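Only one structure is covered here, and it is reproduced in the block below.
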Amino acid sequence: MLKKIGLIATIAVMGFSTGFSIVYAKIIPGVDRPYDPPDYYSQTSISYADSPSPFFYRDLARQGGNVLDVTRKIKSALFGADFLNLSNIFKIKTSNDEINTTPFNSSILSQSQQNIDNINATTNAITTSVNISDNALFRSPKDTDPDKVYDSGSQASWLSNTYLAITQSAKNSLEDVENQFSTLNQIIDNNNTATGNLQANEAASQLKALNAALMARRNALLSNNLNMSIAAQKQWTYEELEESRNTDNTGGYFADPYNQKEYDAAQYEKPAAPGFKDFQ
């Protein structure tokens, strides 16, 4: 009985081994299974040996041509809303870039620039209208010829023209104040209506140009005020020197009858004594 059981077991084992060998011999790597099964079936690894392989195409056909990308699926789940809004984000950025790089219409800036040019032109006229130089119309402490004669008429004419020019320049500057305020208001309006970085920078540049023009005007007026002081100083110095010179030239000599010098004694004539008055 034991022999029979052993024989049956031996036959069964032999048949199982033979069948297994036949099945195993039919499994071909790359065709019946992946070349790299651990990486191929991994959701995060890549099977470079099966990229591609016949088994890959057969497996792809069985899946209906769909491949599951787990990493991408997770990112889509996490950031799906952002991906949907990405197009709108790019549109907004493009719109902002267009706004920030759009300049003012040339007609908007031209009027302000013309006003600034007019302010500078007036300043140049004010600056060159008065010329105070070290002229020879007035006597100065540096004169070496005390007998030199100066023309009072030429002096008066020069002083009159100088004061008139300075006064007229101040008047012209006052008449230009309205233009200055108008230009400032235009630039402020441009800045308030600027719709982007470029337009804001253009308005800021014009404001700096206006500030420079007004500072130049201030310096010109201060220079004219100094010139007027110099003209007045020339006249005052001349009058002081002339007065001192005339005093020196008109000096007199008076003899002392009680302490006569030799010249005084020779020229001195003693007056006759009047005597006593006759009271009869």
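By order of appearance in the structure tokens: chains A, B, ..., then residues from 1 within every chain, and ligands from 1 in the order shown.
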| query | Please, which residues of range 99-274 of chain A, numbered as in this document, come out helix (DSSP H, G or I) from DSSP, as a VMD selection string? | reply | chain A and resid 99 to 100 106 to 128 152 to 175 177 to 192 197 to 249 262 to 267
Correct to one decimal, the distance CA of Thr167 in chain A-CA of Ser152 in chain A is 22.3 Å
From the list A:Asn225, A:Lys234, A:Asp97, A:Arg58, the nearest residue to Thr127 in chain A using only C-alpha atoms is A:Asn225
- Task: Excluding Phe56 in chain A and residues on its chain fewer than 6 positions from it, collect all residues at most 12 Å away from it, counting only C-alpha atoms, and give them as JSON, numbers by chain.
- Result: {"A": [29, 30, 31, 32, 33, 34, 35, 36, 37, 40, 41, 47, 48, 49, 50, 62, 63, 65, 66, 67]}
One decimal place gives the CA of Leu137 in chain A-CA of Trp158 in chain A separation as 8.5 Å
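Here CA of Ala231 in chain A and CA of Ser160 in chain A stand 10.1 Å from one another.
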Item to complete: Within 12 Å of Tyr238 in chain A, counting only C-alpha atoms, which residues show up once you throw out same-chain ones fewer than 6 positions away? Write them as a PyMOL selection string, please.
Response: chain A and resi 136-143+149-152+155+231-232+244-245
Judged by only C-alpha atoms, the minimum distance to Asn211 in chain A among A:Ile116, A:Asp59, A:Asn135, A:Asp176 is found for A:Ile116
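Distances to Asn219 in chain A were evaluated for A:Leu241, A:Ile126, A:Ile99, A:Leu86 using only C-alpha atoms, and the minimum falls at A:Ile126.
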